[in-house]
$ cat upload-v8.cif   # mmCIF, C-alpha atoms
data_input
loop_
_atom_site.label_atom_id
_atom_site.label_comp_id
_atom_site.auth_asym_id
_atom_site.auth_seq_id
_atom_site.Cartn_x
_atom_site.Cartn_y
_atom_site.Cartn_z
CA MET A 48 119.29 81.61 139.21
CA TYR A 49 122.82 82.97 139.47
CA ALA A 50 123.89 80.13 141.77
CA LEU A 51 122.30 77.53 139.48
CA MET A 52 124.00 78.88 136.37
CA THR A 53 127.35 79.16 138.15
CA LEU A 54 127.25 75.58 139.45
CA VAL A 55 126.17 74.01 136.15
CA ALA A 56 128.60 76.10 134.09
CA THR A 57 131.42 75.13 136.47
CA GLY A 58 130.77 71.44 135.85
CA GLY A 59 130.59 71.93 132.10
CA LEU A 60 133.65 74.17 131.83
CA MET A 61 135.66 71.82 134.03
CA ALA A 62 134.74 68.93 131.71
CA THR A 63 135.79 71.08 128.75
CA ALA A 64 139.14 71.95 130.35
CA GLN A 65 139.95 68.43 131.54
CA LEU A 66 138.76 66.34 128.59
CA ASN A 67 142.15 66.25 126.88
CA PRO A 68 144.21 65.56 130.06
CA MET A 69 141.68 62.93 131.12
CA ALA A 70 141.92 61.11 127.79
CA VAL A 71 145.74 61.16 128.00
CA ASP A 72 145.75 59.97 131.63
CA PHE A 73 143.46 57.04 130.83
CA LYS A 74 145.43 56.32 127.63
CA VAL A 75 142.36 56.40 125.39
CA ASP A 76 143.18 59.56 123.43
CA LYS A 77 144.55 57.71 120.39
CA VAL A 78 142.47 54.53 120.57
CA PRO A 79 140.22 54.21 117.45
CA VAL A 80 136.49 54.28 118.10
CA HIS A 81 134.02 52.97 115.51
CA PHE A 82 130.49 54.38 115.30
CA LEU A 83 128.21 53.94 112.28
CA PHE A 84 130.46 54.80 109.33
CA LEU A 85 132.97 56.86 111.33
CA THR A 86 136.29 55.78 112.79
CA MET A 87 138.33 58.32 114.73
CA PRO A 88 140.64 58.43 117.75
CA ALA A 89 138.60 58.58 120.97
CA LEU A 90 139.66 62.10 121.91
CA GLN A 91 138.95 63.53 118.46
CA PHE A 92 135.64 61.66 118.36
CA ALA A 93 134.68 62.97 121.80
CA LEU A 94 135.54 66.58 120.91
CA SER A 95 133.50 66.38 117.70
CA ALA A 96 130.50 64.73 119.37
CA ASP A 97 130.64 67.22 122.24
CA ARG A 98 130.39 70.20 119.92
CA VAL A 99 127.49 68.69 117.98
CA LEU A 100 125.47 67.75 121.07
CA ASN A 101 126.29 71.05 122.78
CA GLY A 102 124.61 72.78 119.85
CA ILE A 103 121.66 70.38 119.54
CA CYS A 104 120.87 70.49 123.25
CA ARG A 105 119.94 74.18 123.26
CA PRO A 106 116.89 74.10 120.98
CA PHE A 107 116.04 70.59 122.23
CA TRP A 108 115.85 71.53 125.93
CA GLY A 109 114.13 74.79 124.98
CA TRP A 110 111.45 72.78 123.17
CA ILE A 111 111.09 70.46 126.17
CA SER A 112 110.76 73.43 128.53
CA ASP A 113 107.93 74.87 126.43
CA HIS A 114 105.98 71.67 127.11
CA ILE A 115 106.79 70.73 130.72
CA GLY A 116 108.11 74.01 132.19
CA ARG A 117 111.54 75.51 132.83
CA GLU A 118 112.08 74.12 136.33
CA ARG A 119 111.21 70.50 135.44
CA THR A 120 113.41 70.72 132.35
CA MET A 121 116.33 72.06 134.41
CA ALA A 122 115.87 69.23 136.91
CA LEU A 123 116.10 66.68 134.08
CA ALA A 124 119.03 68.34 132.30
CA PHE A 125 121.07 69.04 135.43
CA THR A 126 120.55 65.49 136.72
CA LEU A 127 121.65 64.16 133.35
CA GLU A 128 124.83 66.22 133.52
CA ALA A 129 125.61 65.05 137.06
CA CYS A 130 125.13 61.39 136.10
CA ALA A 131 127.16 61.84 132.92
CA ILE A 132 130.10 63.42 134.78
CA PHE A 133 130.00 60.67 137.42
CA CYS A 134 129.96 57.94 134.77
CA LEU A 135 132.66 59.70 132.74
CA ILE A 136 134.99 59.59 135.75
CA LYS A 137 134.15 55.95 136.50
CA PHE A 138 134.32 54.54 132.98
CA ALA A 139 136.75 56.83 131.15
CA GLN A 140 139.20 53.96 130.65
CA ASP A 141 136.84 52.51 128.03
CA PRO A 142 137.23 54.52 124.77
CA LYS A 143 133.59 54.12 123.66
CA LEU A 144 132.19 55.00 127.09
CA PHE A 145 134.57 57.95 127.25
CA VAL A 146 133.06 59.32 124.04
CA ILE A 147 129.46 58.58 125.08
CA PHE A 148 129.57 60.05 128.58
CA SER A 149 131.60 63.10 127.58
CA ALA A 150 128.98 63.79 124.90
CA PHE A 151 126.13 63.48 127.42
CA THR A 152 128.01 65.80 129.77
CA PHE A 153 127.90 68.51 127.13
CA PHE A 154 124.31 67.64 126.24
CA GLY A 155 123.34 68.21 129.87
CA TRP A 156 124.98 71.58 130.50
CA GLY A 157 124.81 73.57 127.28
CA GLU A 158 121.08 74.15 127.77
CA ILE A 159 121.73 76.86 130.36
CA TYR A 160 122.25 79.25 127.44
CA SER A 161 118.66 78.74 126.31
CA LEU A 162 116.84 78.02 129.58
CA MET A 163 118.41 80.67 131.80
CA PRO A 164 117.48 83.67 129.61
CA ALA A 165 114.00 82.15 129.21
CA ILE A 166 113.38 81.71 132.93
CA CYS A 167 114.88 85.13 133.61
CA GLY A 168 112.34 86.61 131.22
CA ASP A 169 109.55 84.55 132.81
CA PHE A 170 110.29 85.94 136.26
CA PHE A 171 111.19 89.55 135.48
CA GLY A 172 109.44 90.27 132.20
CA ARG A 173 110.65 91.68 128.90
CA LYS A 174 111.24 95.31 129.81
CA HIS A 175 114.79 94.85 131.10
CA ALA A 176 115.33 91.33 129.76
CA THR A 177 118.64 92.02 128.02
CA GLN A 178 120.12 93.88 130.99
CA ASN A 179 118.90 91.21 133.44
CA TYR A 180 120.33 88.37 131.39
CA GLY A 181 123.52 90.32 130.81
CA PHE A 182 124.02 90.34 134.57
CA LEU A 183 122.97 86.68 134.88
CA TYR A 184 125.42 85.69 132.12
CA THR A 185 128.33 86.86 134.26
CA ALA A 186 127.75 83.59 136.16
CA LYS A 187 129.78 81.96 133.38
CA GLY A 188 132.67 84.27 134.27
CA THR A 189 132.30 83.33 137.93
CA ALA A 190 132.37 79.67 136.92
CA SER A 191 135.50 80.22 134.84
CA VAL A 192 137.24 81.51 138.00
CA LEU A 193 136.16 78.46 140.00
CA VAL A 194 137.34 75.93 137.38
CA PRO A 195 141.14 76.42 137.71
CA LEU A 196 140.81 76.69 141.50
CA GLY A 197 138.86 73.44 141.64
CA SER A 198 141.31 71.71 139.30
CA ALA A 199 144.27 72.82 141.40
CA LEU A 200 142.62 71.75 144.66
CA ALA A 201 141.62 68.38 143.18
CA ALA A 202 145.22 67.81 142.09
CA GLY A 203 146.44 68.65 145.59
CA LYS A 204 148.60 71.45 144.25
CA ALA A 205 146.94 74.37 145.98
CA PHE A 206 145.22 74.40 149.34
CA ASP A 207 145.85 77.56 151.25
CA PHE A 208 143.67 78.51 154.21
CA ARG A 209 144.56 82.18 153.76
CA ALA A 210 143.39 82.11 150.16
CA ASP A 211 140.13 80.36 151.09
CA ILE A 212 139.34 83.01 153.69
CA LEU A 213 140.18 85.84 151.29
CA LEU A 214 138.04 84.36 148.52
CA ALA A 215 135.10 83.94 150.91
CA VAL A 216 135.42 87.42 152.43
CA GLY A 217 136.01 89.21 149.13
CA GLY A 218 133.20 87.37 147.37
CA ALA A 219 130.81 88.04 150.26
CA LEU A 220 131.71 91.74 150.28
CA ALA A 221 131.19 92.13 146.54
CA LEU A 222 127.91 90.19 146.71
CA PHE A 223 126.69 92.30 149.62
CA ALA A 224 127.50 95.58 147.88
CA HIS A 225 126.03 94.61 144.53
CA PHE A 226 123.05 92.49 145.51
CA ILE A 227 122.26 91.65 149.14
CA GLY A 228 122.52 95.18 150.56
CA PRO A 229 120.47 97.16 148.02
CA THR A 230 118.10 94.38 146.90
CA VAL A 231 117.51 91.99 149.82
CA LEU A 232 118.08 94.29 152.81
CA ARG A 233 116.82 97.42 150.98
CA LEU A 234 119.76 99.49 152.19
CA HIS A 235 120.39 102.83 150.53
CA LEU A 236 124.01 102.73 149.36
CA THR A 237 125.46 105.75 147.61
CA ARG A 238 127.12 105.11 144.30
CA ARG A 239 130.53 105.85 145.78
CA LEU A 240 130.00 103.49 148.75
CA HIS A 241 128.68 100.75 146.48
CA ASP A 242 131.64 101.02 144.10
CA THR A 243 134.14 101.19 146.97
CA LEU A 244 132.82 98.06 148.68
CA PHE A 245 132.40 96.20 145.41
CA TYR A 246 135.91 96.89 144.11
CA ILE A 247 137.50 96.19 147.49
CA GLY A 248 135.74 92.82 147.42
CA LEU A 249 137.01 92.12 143.91
CA ALA A 250 140.54 93.13 144.93
CA ILE A 251 140.44 90.73 147.88
CA VAL A 252 139.18 87.94 145.59
CA ALA A 253 141.98 88.66 143.10
CA TYR A 254 144.57 88.49 145.89
CA GLY A 255 143.03 85.24 147.11
CA ILE A 256 143.30 83.78 143.60
CA PHE A 257 146.93 84.91 143.44
CA LEU A 258 147.69 83.12 146.72
CA THR A 259 145.96 80.00 145.44
CA VAL A 260 147.94 79.94 142.21
CA VAL A 261 151.21 80.98 143.92
CA PRO A 262 150.91 79.45 147.43
CA THR A 263 154.53 80.30 148.27
CA ALA A 264 153.83 84.05 148.02
#
$ encode --input "upload-v8.cif" --output "structure tokens"
Amino acid sequence: MYALMTLVATGGLMATAQLNPMAVDFKVDKVPVHFLFLTMPALQFALSADRVLNGICRPFWGWISDHIGRERTMALAFTLEACAIFCLIKFAQDPKLFVIFSAFTFFGWGEIYSLMPAICGDFFGRKHATQNYGFLYTAKGTASVLVPLGSALAAGKAFDFRADILLAVGGALALFAHFIGPTVLRLHLTRRLHDTLFYIGLAIVAYGIFLTVVPTA
């Protein structure tokens, strides 16, 4: 569940972060787009439509999941987001298609905020539902770390083997201390050992991010 939410949130947050630069790069940001009785510049239209569909998608996909199940609904929504992002990249030079596919991108990823707490409750029950989802929601924070790294790597501005190794090692150490060791392997870790390993892992990740952002360090 954590991996799913991280991956989908990464795609959605990256679309959110890059929508303005993408519109400027493709020179469609100020091109008027006509739809029904509305006429607005493509970028402004896309931002407005994105917010509306991002709100509508949450009760909509929740309603769908009540009828066909969480997993099938996620398969539909996540596939829609993937197709929308692919088409947005391919057809962003057309102002109308830019608005349409950016809107469907948001329509396909915003549902994680209704489906993920629901499926978390389905699997683990109500007793610790808020605590469980509180932990699961940190996947959005993980995604927010991946977005600038992915954007920098895609732009060819940051590719440092040292940073990649540090990110992998630090992330693996923190994951082991917080989840794999005590939950999967059933190891008894004292509170002090758990905190030590976890914070060392986070420190290594932070240093890896620093090397990615400042590769000359």
$ resolve_selection --input "upload-v8.cif" --expression "the PyMOL selection byres ((chain A and resi 126-135) around 12)" --output "number ranges by chain"
A: 54-63, 65-66, 69-70, 73, 93, 101, 104, 108, 119-125, 136-159
$ write_last_selection --input "upload-v8.cif" --atoms "C-alpha atoms" --output "compact mmCIF listing (two decimals), keeping the file's coordinate frame"
# COMPACT_ATOMS: atom_id res chain seq x y z
CA LEU A 54 127.25 75.58 139.45
CA VAL A 55 126.17 74.01 136.15
CA ALA A 56 128.60 76.10 134.09
CA THR A 57 131.42 75.13 136.47
CA GLY A 58 130.77 71.44 135.85
CA GLY A 59 130.59 71.93 132.10
CA LEU A 60 133.65 74.17 131.83
CA MET A 61 135.66 71.82 134.03
CA ALA A 62 134.74 68.93 131.71
CA THR A 63 135.79 71.08 128.75
CA GLN A 65 139.95 68.43 131.54
CA LEU A 66 138.76 66.34 128.59
CA MET A 69 141.68 62.93 131.12
CA ALA A 70 141.92 61.11 127.79
CA PHE A 73 143.46 57.04 130.83
CA ALA A 93 134.68 62.97 121.80
CA ASN A 101 126.29 71.05 122.78
CA CYS A 104 120.87 70.49 123.25
CA TRP A 108 115.85 71.53 125.93
CA ARG A 119 111.21 70.50 135.44
CA THR A 120 113.41 70.72 132.35
CA MET A 121 116.33 72.06 134.41
CA ALA A 122 115.87 69.23 136.91
CA LEU A 123 116.10 66.68 134.08
CA ALA A 124 119.03 68.34 132.30
CA PHE A 125 121.07 69.04 135.43
CA ILE A 136 134.99 59.59 135.75
CA LYS A 137 134.15 55.95 136.50
CA PHE A 138 134.32 54.54 132.98
CA ALA A 139 136.75 56.83 131.15
CA GLN A 140 139.20 53.96 130.65
CA ASP A 141 136.84 52.51 128.03
CA PRO A 142 137.23 54.52 124.77
CA LYS A 143 133.59 54.12 123.66
CA LEU A 144 132.19 55.00 127.09
CA PHE A 145 134.57 57.95 127.25
CA VAL A 146 133.06 59.32 124.04
CA ILE A 147 129.46 58.58 125.08
CA PHE A 148 129.57 60.05 128.58
CA SER A 149 131.60 63.10 127.58
CA ALA A 150 128.98 63.79 124.90
CA PHE A 151 126.13 63.48 127.42
CA THR A 152 128.01 65.80 129.77
CA PHE A 153 127.90 68.51 127.13
CA PHE A 154 124.31 67.64 126.24
CA GLY A 155 123.34 68.21 129.87
CA TRP A 156 124.98 71.58 130.50
CA GLY A 157 124.81 73.57 127.28
CA GLU A 158 121.08 74.15 127.77
CA ILE A 159 121.73 76.86 130.36
$ residues_around --input "upload-v8.cif" --residues "Gly248 in chain A" --least-positions-apart "4" --cutoff "12 Å" --atoms "only C-alpha atoms" --output "PyMOL selection string"
chain A and resi 213-225+241-244+252-255
$ atom_distance --input "upload-v8.cif" --atom1 "CA of Gly188 in chain A" --atom2 "CA of Ala64 in chain A"
14.5 Å
$ atom_distance --input "upload-v8.cif" --atom1 "CA of Arg209 in chain A" --atom2 "CA of Thr259 in chain A"
8.7 Å
$ atom_distance --input "upload-v8.cif" --atom1 "CA of Ile227 in chain A" --atom2 "CA of Lys187 in chain A"
20.0 Å
$ closest_residue --input "upload-v8.cif" --among "A:Leu94, A:Cys167, A:Ile111, A:Ala210" --to "Thr263 in chain A" --atoms "all atoms listed in the file"
A:Ala210
$ residues_around --input "upload-v8.cif" --residues "Ile166 in chain A" --least-positions-apart "4" --cutoff "8 Å" --atoms "all atoms listed in the file" --output "ChimeraX atom specification"
/A:117,162,170
$ write_last_selection --input "upload-v8.cif" --atoms "C-alpha atoms" --output "PDB file, in the coordinates of the input"
ATOM      1  CA  ARG A 117     111.540  75.510 132.830  1.00  0.00           C
ATOM      2  CA  LEU A 162     116.840  78.020 129.580  1.00  0.00           C
ATOM      3  CA  PHE A 170     110.290  85.940 136.260  1.00  0.00           C
TER       4      PHE A 170
END
